[in-house]
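Undergrad: File follows, model_1.txt with compact mmCIF, C-alpha atoms (C1' of nucleotides):
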```
# COMPACT_ATOMS: atom_id res chain seq x y z
CA MET G 2 -240.83 163.54 152.25
CA ALA G 3 -238.81 166.53 151.24
CA GLU G 4 -235.63 164.52 151.41
CA LEU G 5 -232.64 166.03 149.71
CA LEU G 6 -230.87 164.24 146.90
CA LYS G 7 -227.21 164.25 146.02
CA ILE G 8 -226.08 164.72 142.48
CA GLY G 9 -225.36 161.06 141.87
CA GLU G 10 -228.83 160.16 143.06
CA VAL G 11 -230.42 162.69 140.76
CA ALA G 12 -228.30 161.47 137.87
CA ARG G 13 -229.33 157.90 138.53
CA ARG G 14 -233.00 158.71 138.83
CA SER G 15 -233.21 161.04 135.87
CA GLY G 16 -230.79 159.34 133.54
CA VAL G 17 -228.98 162.63 133.05
CA ALA G 18 -225.25 162.57 133.77
CA SER G 19 -223.86 164.43 136.77
CA SER G 20 -221.73 166.52 134.48
CA ALA G 21 -224.83 167.53 132.57
CA LEU G 22 -226.58 168.44 135.81
CA ARG G 23 -223.72 170.72 136.81
CA PHE G 24 -223.84 172.18 133.34
CA TYR G 25 -227.57 172.82 133.64
CA GLU G 26 -226.99 174.52 136.96
CA GLU G 27 -224.30 176.71 135.46
CA ARG G 28 -226.77 177.65 132.76
CA GLY G 29 -229.39 178.46 135.35
CA LEU G 30 -231.78 175.69 134.41
CA ILE G 31 -231.74 174.05 137.79
CA THR G 32 -230.60 175.07 141.26
CA SER G 33 -229.16 173.38 144.28
CA THR G 34 -228.22 174.20 147.81
CA ARG G 35 -224.97 173.11 149.36
CA GLU G 36 -224.15 170.97 152.31
CA GLY G 37 -221.42 172.10 154.67
CA SER G 38 -219.18 169.83 152.65
CA GLY G 39 -219.80 171.81 149.50
CA HIS G 40 -221.71 168.95 147.92
CA ARG G 41 -224.84 169.82 145.98
CA CYS G 42 -228.24 169.15 147.49
CA TYR G 43 -231.27 168.87 145.28
CA SER G 44 -234.87 168.93 146.33
CA ARG G 45 -237.10 166.23 144.90
CA SER G 46 -238.80 168.78 142.69
CA VAL G 47 -235.67 169.08 140.60
CA LEU G 48 -236.55 165.76 139.02
CA ARG G 49 -239.67 167.16 137.45
CA ARG G 50 -237.72 170.15 136.27
CA ILE G 51 -235.16 167.88 134.65
CA ALA G 52 -237.92 165.84 133.06
CA PHE G 53 -239.28 169.03 131.61
CA ILE G 54 -235.86 169.93 130.23
CA VAL G 55 -235.41 166.57 128.56
CA PHE G 56 -238.90 166.68 127.10
CA ALA G 57 -238.29 170.13 125.76
CA GLN G 58 -235.03 169.09 124.18
CA ARG G 59 -236.68 166.22 122.40
CA ILE G 60 -239.20 168.62 121.03
CA GLY G 61 -236.36 170.71 119.69
CA LEU G 62 -235.93 173.61 122.07
CA THR G 63 -232.44 174.79 122.86
CA LEU G 64 -231.30 175.13 126.46
CA ASP G 65 -231.60 178.88 126.14
CA GLU G 66 -235.20 178.58 125.10
CA ILE G 67 -235.88 176.12 127.87
CA ALA G 68 -234.37 178.52 130.37
CA VAL G 69 -236.78 181.20 129.19
CA GLU G 70 -239.68 178.82 129.70
CA LEU G 71 -238.54 177.77 133.13
CA ASP G 72 -238.21 181.39 134.14
CA LYS G 73 -241.93 181.71 133.68
CA LEU G 74 -242.49 179.38 136.59
CA PRO G 75 -243.25 181.13 139.88
CA GLY G 76 -240.16 181.79 141.91
CA ASP G 77 -241.90 182.28 145.19
CA ARG G 78 -243.67 178.94 145.46
CA ALA G 79 -243.40 175.40 144.20
CA PRO G 80 -244.86 175.13 140.71
CA ASN G 81 -248.12 173.26 140.59
CA ARG G 82 -249.78 171.29 137.83
CA ARG G 83 -251.34 174.32 136.30
CA ASP G 84 -247.96 176.05 136.12
CA TRP G 85 -246.44 173.15 134.28
CA SER G 86 -249.30 172.71 131.91
CA ARG G 87 -249.26 176.40 131.07
CA LEU G 88 -245.71 175.98 129.85
CA SER G 89 -246.37 172.84 127.93
CA ALA G 90 -249.48 174.25 126.29
CA GLN G 91 -247.33 176.24 123.89
CA TRP G 92 -245.34 173.22 123.03
CA THR G 93 -248.30 171.42 121.64
CA THR G 94 -248.37 174.03 118.90
CA ARG G 95 -244.71 173.58 118.31
CA ILE G 96 -244.95 169.84 118.15
CA ASP G 97 -247.81 170.14 115.70
CA GLN G 98 -245.74 172.41 113.51
CA ARG G 99 -242.87 169.99 113.51
CA ILE G 100 -245.19 167.10 112.74
CA ALA G 101 -246.67 169.11 109.90
CA GLU G 102 -243.21 169.74 108.53
CA LEU G 103 -242.38 166.06 108.68
CA GLU G 104 -245.61 165.26 106.87
CA ARG G 105 -244.63 167.76 104.23
CA LEU G 106 -241.20 166.23 103.90
CA LYS G 107 -242.79 162.82 103.63
CA SER G 108 -245.05 163.79 100.80
CA GLY G 109 -242.18 165.69 99.26
CA LEU G 110 -240.17 162.52 99.30
CA THR G 111 -242.67 160.41 97.48
CA GLU G 112 -244.01 163.13 95.23
CA CYS G 113 -240.99 165.28 94.52
CA ILE G 114 -238.02 162.97 94.62
CA GLY G 115 -240.04 160.28 92.93
CA CYS G 116 -241.22 162.48 90.12
CA GLY G 117 -238.07 164.46 89.60
CA CYS G 118 -239.55 167.64 90.96
CA LEU G 119 -236.57 167.84 93.25
CA SER G 120 -234.78 169.62 90.48
CA LEU G 121 -235.75 172.49 92.78
CA ASP G 122 -237.11 174.82 90.17
CA ARG G 123 -240.65 173.62 90.58
CA CYS G 124 -240.61 172.14 94.05
CA THR G 125 -241.50 174.43 96.88
CA LEU G 126 -242.87 172.75 99.93
CA ALA G 127 -244.26 175.71 101.74
CA ASN G 128 -243.12 175.85 105.32
CA PRO G 129 -243.62 179.10 107.16
CA ASN G 130 -242.64 179.74 110.75
CA ASP G 131 -239.90 177.22 110.86
CA ARG G 132 -237.47 177.72 113.65
CA VAL G 133 -234.64 175.53 112.50
CA ALA G 134 -234.65 176.72 108.92
CA ALA G 135 -234.68 180.26 110.21
CA ARG G 136 -231.82 179.71 112.60
CA GLY G 137 -229.74 177.35 110.53
CA PRO G 138 -227.07 178.58 108.19
CA GLY G 139 -228.01 178.97 104.56
CA ALA G 140 -231.45 179.31 103.17
CA ARG G 141 -233.05 176.21 101.82
CA PHE G 142 -235.64 177.32 99.35
CA TRP G 143 -237.50 174.14 98.92
CA ILE G 144 -237.72 173.65 102.63
CA GLY G 145 -239.50 176.88 103.08
CA ASP G 146 -237.29 179.93 102.79
CA PRO G 147 -238.24 182.28 100.01
CA PRO G 148 -235.75 182.22 97.08
CA ALA G 149 -234.94 185.92 97.14
CA GLY G 150 -234.96 188.51 99.85
CA MET E 1 -228.94 170.87 78.26
CA ALA E 2 -226.16 169.36 80.27
CA GLU E 3 -224.73 172.79 80.96
CA LEU E 4 -222.20 173.02 83.73
CA LEU E 5 -222.74 175.19 86.75
CA LYS E 6 -220.21 177.09 88.78
CA ILE E 7 -220.27 176.97 92.52
CA GLY E 8 -221.91 180.35 92.94
CA GLU E 9 -224.65 179.36 90.58
CA VAL E 10 -225.30 176.13 92.45
CA ALA E 11 -225.29 178.03 95.75
CA ARG E 12 -227.79 180.52 94.40
CA ARG E 13 -230.08 177.88 92.99
CA SER E 14 -229.99 175.53 95.93
CA GLY E 15 -229.82 178.03 98.74
CA VAL E 16 -226.81 176.21 100.15
CA ALA E 17 -223.72 178.36 100.69
CA SER E 18 -220.63 177.85 98.55
CA SER E 19 -218.62 177.04 101.63
CA ALA E 20 -221.12 174.33 102.49
CA LEU E 21 -220.88 172.93 98.97
CA ARG E 22 -217.11 172.69 99.25
CA PHE E 23 -217.59 171.06 102.61
CA TYR E 24 -220.02 168.53 101.14
CA GLU E 25 -217.54 167.76 98.43
CA GLU E 26 -214.80 167.24 100.96
CA ARG E 27 -217.10 164.85 102.77
CA GLY E 28 -217.80 162.99 99.54
CA LEU E 29 -221.47 163.91 99.31
CA ILE E 30 -221.18 165.66 95.99
CA THR E 31 -218.59 165.74 93.25
CA SER E 32 -217.37 168.24 90.73
CA THR E 33 -215.01 168.41 87.83
CA ARG E 34 -212.56 171.25 87.35
CA GLU E 35 -212.10 173.78 84.64
CA GLY E 36 -208.60 174.56 83.47
CA SER E 37 -208.72 177.44 85.89
CA GLY E 38 -209.24 175.14 88.84
CA HIS E 39 -212.76 176.32 89.35
CA ARG E 40 -215.38 173.72 90.22
CA CYS E 41 -217.86 172.61 87.59
CA TYR E 42 -221.08 170.96 88.61
CA SER E 43 -223.48 169.06 86.42
CA ARG E 44 -227.14 169.96 86.73
CA SER E 45 -227.82 166.68 88.52
CA VAL E 46 -225.95 167.94 91.55
CA LEU E 47 -228.96 170.07 92.37
CA ARG E 48 -231.13 167.07 92.96
CA ARG E 49 -228.42 165.51 95.04
CA ILE E 50 -228.21 168.62 97.16
CA ALA E 51 -231.96 168.68 97.51
CA PHE E 52 -231.79 165.14 98.76
CA ILE E 53 -229.13 166.10 101.28
CA VAL E 54 -231.17 168.98 102.64
CA PHE E 55 -234.30 166.87 102.86
CA ALA E 56 -232.40 164.19 104.67
CA GLN E 57 -230.99 166.66 107.14
CA ARG E 58 -234.41 168.00 107.94
CA ILE E 59 -235.51 164.49 108.65
CA GLY E 60 -232.67 164.15 111.07
CA LEU E 61 -229.93 162.23 109.30
CA THR E 62 -226.33 163.21 109.84
CA LEU E 63 -224.07 163.89 106.88
CA ASP E 64 -222.38 160.56 107.48
CA GLU E 65 -225.67 158.76 107.23
CA ILE E 66 -226.60 160.71 104.15
CA ALA E 67 -223.30 159.76 102.57
CA VAL E 68 -224.10 156.11 103.15
CA GLU E 69 -227.47 156.57 101.47
CA LEU E 70 -225.99 158.39 98.51
CA ASP E 71 -223.44 155.65 98.08
CA LYS E 72 -226.31 153.33 97.29
CA LEU E 73 -227.02 155.24 94.13
CA PRO E 74 -225.55 153.68 90.98
CA GLY E 75 -222.14 155.04 90.20
CA ASP E 76 -222.09 153.99 86.58
CA ARG E 77 -225.18 155.84 85.38
CA ALA E 78 -227.32 158.81 86.27
CA PRO E 79 -229.76 157.91 89.04
CA ASN E 80 -233.33 157.68 87.84
CA ARG E 81 -236.59 158.16 89.66
CA ARG E 82 -236.68 154.64 90.88
CA ASP E 83 -233.19 154.99 92.37
CA TRP E 84 -234.20 158.05 94.29
CA SER E 85 -237.46 156.65 95.48
CA ARG E 86 -235.71 153.52 96.68
CA LEU E 87 -233.63 155.66 99.00
CA SER E 88 -236.50 157.74 100.21
CA ALA E 89 -238.68 154.73 100.85
CA GLN E 90 -236.74 153.98 104.01
CA TRP E 91 -237.13 157.52 105.17
CA THR E 92 -240.85 157.29 105.25
CA THR E 93 -240.47 154.77 108.04
CA ARG E 94 -238.07 157.03 109.82
CA ILE E 95 -240.31 160.03 109.51
CA ASP E 96 -243.21 158.00 110.82
CA GLN E 97 -241.16 156.96 113.83
CA ARG E 98 -240.23 160.53 114.56
CA ILE E 99 -243.83 161.64 114.18
CA ALA E 100 -244.88 158.87 116.53
CA GLU E 101 -242.33 160.07 119.06
CA LEU E 102 -243.62 163.60 118.84
CA GLU E 103 -247.16 162.35 119.33
CA ARG E 104 -245.97 160.50 122.41
CA LEU E 105 -244.27 163.59 123.72
CA LYS E 106 -247.40 165.56 123.07
CA SER E 107 -249.58 163.25 125.07
CA GLY E 108 -246.84 163.03 127.66
CA LEU E 109 -246.99 166.77 128.00
CA THR E 110 -250.67 166.97 128.67
CA GLU E 111 -250.99 163.75 130.58
CA CYS E 112 -247.73 163.51 132.48
CA ILE E 113 -246.66 167.04 133.18
CA GLY E 114 -250.24 168.02 133.84
CA CYS E 115 -250.89 165.24 136.28
CA GLY E 116 -247.55 165.23 137.99
CA CYS E 117 -246.55 161.92 136.52
CA LEU E 118 -243.36 163.59 135.40
CA SER E 119 -241.97 162.73 138.77
CA LEU E 120 -240.38 160.08 136.55
CA ASP E 121 -241.11 157.12 138.77
CA ARG E 122 -244.33 156.25 137.06
CA CYS E 123 -243.92 157.90 133.69
CA THR E 124 -242.40 155.80 130.96
CA LEU E 125 -243.34 156.82 127.48
CA ALA E 126 -242.18 153.78 125.61
CA ASN E 127 -240.05 154.69 122.66
CA PRO E 128 -238.00 151.94 121.09
CA ASN E 129 -235.69 152.35 118.13
CA ASP E 130 -234.90 155.95 118.72
CA ARG E 131 -231.83 157.15 117.00
CA VAL E 132 -231.24 160.38 118.79
CA ALA E 133 -231.78 159.01 122.25
CA ALA E 134 -229.44 156.19 121.39
CA ARG E 135 -226.73 158.43 120.05
CA GLY E 136 -227.09 161.33 122.41
CA PRO E 137 -225.20 161.56 125.64
CA GLY E 138 -226.93 160.33 128.73
CA ALA E 139 -229.85 157.98 128.93
CA ARG E 140 -233.25 159.50 129.39
CA PHE E 141 -235.44 156.87 130.95
CA TRP E 142 -238.76 158.48 130.45
CA ILE E 143 -238.00 159.13 126.86
CA GLY E 144 -237.42 155.52 126.12
CA ASP E 145 -234.17 154.17 127.50
CA PRO E 146 -234.59 151.41 130.02
CA PRO E 147 -233.75 152.48 133.59
CA ALA E 148 -231.11 149.83 134.21
CA GLY E 149 -228.73 147.99 131.91
C1' DC L 24 -204.59 197.97 82.15
C1' DT L 25 -207.17 198.37 86.08
C1' DA L 26 -210.89 197.08 89.01
C1' DC L 27 -213.46 193.99 91.11
C1' DA L 28 -216.23 189.99 91.61
C1' DA L 29 -215.84 185.24 92.09
C1' DG L 30 -213.16 181.47 92.50
C1' DT L 31 -209.19 178.65 95.05
C1' DT L 32 -206.81 176.28 99.49
C1' DC L 33 -205.97 175.72 104.19
C1' DA L 34 -206.27 176.55 108.94
C1' DA L 35 -208.84 178.07 112.47
C1' DG L 36 -213.17 179.63 114.60
C1' DT L 37 -218.25 178.95 115.97
C1' DG L 38 -222.10 177.30 118.86
C1' DA L 39 -224.70 173.88 121.08
C1' DA L 40 -224.52 170.61 124.63
C1' DC L 41 -221.96 168.30 127.00
C1' DT L 42 -217.76 165.23 128.45
C1' DT L 43 -213.20 164.50 130.11
C1' DG L 44 -209.18 165.20 132.83
C1' DA L 45 -206.51 167.07 136.49
C1' DA L 46 -206.11 167.93 141.06
C1' DG L 47 -208.08 168.03 145.14
C1' DT L 48 -211.90 167.32 149.20
C1' DC L 49 -215.37 164.63 151.81
C1' DA L 50 -217.79 160.52 153.82
C1' DA L 51 -218.18 155.72 155.09
C1' DG L 52 -216.37 151.08 156.01
C1' DG L 53 -212.88 148.02 157.85
C1' DC D 17 -205.59 155.32 159.75
C1' DC D 18 -206.35 153.92 155.16
C1' DT D 19 -208.81 153.10 151.19
C1' DT D 20 -212.49 153.79 148.11
C1' DG D 21 -216.03 156.11 145.97
C1' DA D 22 -218.55 160.21 145.40
C1' DC D 23 -218.13 164.76 145.27
C1' DT D 24 -215.79 169.60 144.09
C1' DT D 25 -213.81 173.22 140.53
C1' DC D 26 -211.79 174.65 136.38
C1' DA D 27 -209.98 174.32 131.92
C1' DA D 28 -209.87 172.07 127.89
C1' DG D 29 -211.63 168.63 124.60
C1' DT D 30 -215.49 166.55 121.53
C1' DT D 31 -218.91 166.26 117.71
C1' DC D 32 -221.57 168.23 114.07
C1' DA D 33 -222.06 171.17 110.39
C1' DC D 34 -220.48 174.60 108.83
C1' DT D 35 -218.37 179.63 108.50
C1' DT D 36 -214.66 182.86 108.45
C1' DG D 37 -210.29 184.70 107.35
C1' DA D 38 -205.94 184.97 105.07
C1' DA D 39 -203.56 184.88 101.06
C1' DC D 40 -203.85 184.11 96.48
C1' DT D 41 -205.59 183.34 91.34
C1' DT D 42 -209.10 183.77 87.52
C1' DG D 43 -212.56 185.89 84.77
C1' DT D 44 -215.04 189.92 83.19
C1' DA D 45 -216.35 194.84 82.47
C1' DG D 46 -214.93 199.27 81.39
```
Starting from the file, lay out its structure as structure tokens.

TA:
Amino acid sequence: MAELLKIGEVARRSGVASSALRFYEERGLITSTREGSGHRCYSRSVLRRIAFIVFAQRIGLTLDEIAVELDKLPGDRAPNRRDWSRLSAQWTTRIDQRIAELERLKSGLTECIGCGCLSLDRCTLANPNDRVAARGPGARFWIGDPPAG
Amino acid sequence: MAELLKIGEVARRSGVASSALRFYEERGLITSTREGSGHRCYSRSVLRRIAFIVFAQRIGLTLDEIAVELDKLPGDRAPNRRDWSRLSAQWTTRIDQRIAELERLKSGLTECIGCGCLSLDRCTLANPNDRVAARGPGARFWIGDPPAG
DNA sequence: CTACAAGTTCAAGTGAACTTGAAGTCAAGG
DNA sequence: CCTTGACTTCAAGTTCACTTGAACTTGTAG
């Protein structure tokens, strides 16, 4: 039932490389106990945690952000369904924002590049609250950043 | 009309840093002529090219991929609307795929994490033709990669 | 003429997310 | 006992997309 898994087993089952698992542990995203041998021992629940990490990455969160999310899980007991869904609830918003941006880009492609609007002066696809544009180097006006200030 | 722009001007108008513009030039994404002084001179059309690059990045293409796309533009004459829209036509498909993936992730979040399906054994959100999963390190079964082989 | 901003090249640094390599330990089969 | 494979740590390397810094030249305003 609560059988313990070795790192290779976890890697095989999750599709995440052993080196990545060690890296995640170093970053505090997952934990393990050690056998007398020094080998890592993972509880089965780590698989769901890893699944969560991979999901989150696909959505666009950085490992730091994911760590913050995972920290919200209860430390004293095994997280239940409600715990997990509380975390993922916020993501839905995020996914929707990203989808909205892609829709904007799509219409920008047909409308702006097609019509020549991409000369930038006239084209401003409004895009507030965008994480990547905010974090990334260099403002990109027509992606959403305001031209001045 | 066909006034030439200096790098600072292009940076200001496009929101892309001068250093990035030099980098793009080095990578063959944009071109410039030189003044007697050695300073770069850009034609106005570079702005649309840069806009295209930024759009493409937001969609998820790498600079290498963008270079390939830009190479499809006619070299002998100024690209017209049809040229640009030919390039962007393929992106629409790509954007749609990415949106579809996000929709899958979204339902995976509510359905799988919520119900515990994220134990990985049962959860396989089918996702063929995914660039990032294919390029990225480590297979992620429940994102789309087949579990074996 | 003197500042100073803006341009130049080239090498090296950054950060995210890992991977790879070296050098060694542990566990299981024959 | 020996081999083989899986594990360990630690440091360094990789890719992407740039940025930063050093050292220098050009253009413009006063």

Undergrad: Quick one: which residues from chain E are at most 12 Å off chain L, using all atoms listed in the file, as a JSON list (two decimals) with C-alpha atoms, in the frame of the given file?

TA:
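Output file result-v8.json is given in full below:
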```
[["chain", "number", "residue", "atom", "x", "y", "z"],
["E", 6, "LYS", "CA", -220.21, 177.09, 88.78],
["E", 7, "ILE", "CA", -220.27, 176.97, 92.52],
["E", 8, "GLY", "CA", -221.91, 180.35, 92.94],
["E", 9, "GLU", "CA", -224.65, 179.36, 90.58],
["E", 18, "SER", "CA", -220.63, 177.85, 98.55],
["E", 19, "SER", "CA", -218.62, 177.04, 101.63],
["E", 22, "ARG", "CA", -217.11, 172.69, 99.25],
["E", 34, "ARG", "CA", -212.56, 171.25, 87.35],
["E", 35, "GLU", "CA", -212.10, 173.78, 84.64],
["E", 37, "SER", "CA", -208.72, 177.44, 85.89],
["E", 38, "GLY", "CA", -209.24, 175.14, 88.84],
["E", 39, "HIS", "CA", -212.76, 176.32, 89.35],
["E", 40, "ARG", "CA", -215.38, 173.72, 90.22],
["E", 41, "CYS", "CA", -217.86, 172.61, 87.59],
["E", 136, "GLY", "CA", -227.09, 161.33, 122.41],
["E", 137, "PRO", "CA", -225.20, 161.56, 125.64],
["E", 138, "GLY", "CA", -226.93, 160.33, 128.73]]
```

Undergrad: Might you pull out every residue within 12 Å of Leu71 of chain G, with only C-alpha atoms (C1' of nucleotides) counted and same-chain residues fewer than 5 positions away left off, and present them as a VMD selection string?

TA: chain G and resid 28 to 32 47 49 to 54 57 64 to 66 76 80 84 to 89

Undergrad: Using only C-alpha atoms, can you tell me which of G:Ala101, G:Ala12, G:Val17, G:Leu22 comes closest to chain E?

TA: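 With only C-alpha atoms as the atom set, the closest residue is G:Val17.
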
Undergrad: Box in all listed atoms of segment 76-79 of chain E, axis-aligned, with 8 Å more on each side; write out centre and edge lengths in Å to one decimal as lines of an AutoDock Vina configuration file.

TA:
```
center_x = -225.9
center_y = 156.4
center_z = 87.2
size_x = 23.7
size_y = 20.8
size_z = 19.7
```

Undergrad: Work out how far apart atom CA of Ala18 of chain G and atom CA of Leu62 of chain G are and give it in Å to one decimal.

TA: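 For atom CA of Ala18 of chain G relative to atom CA of Leu62 of chain G, the distance reads 19.3 Å.
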
Undergrad: Can you check which residues of chain D have any atom within 10 Å of chain E? Use all atoms listed in the file and format it as a list in words.

TA: DC32, DA33, DC34, DT35, DT36, DT41, DT42 and DG43 of chain D

Undergrad: Out of E:Ile99, E:Leu73, E:Leu4, E:Ala67, which residue has the shortest atom-to-atom distance to chain G when counting only C-alpha atoms?

TA: E:Ile99

Undergrad: What gap, in Å, lies between atom CA of Asp76 of chain E and atom CA of Ala89 of chain E?

TA: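 So the answer is 21.9 Å.
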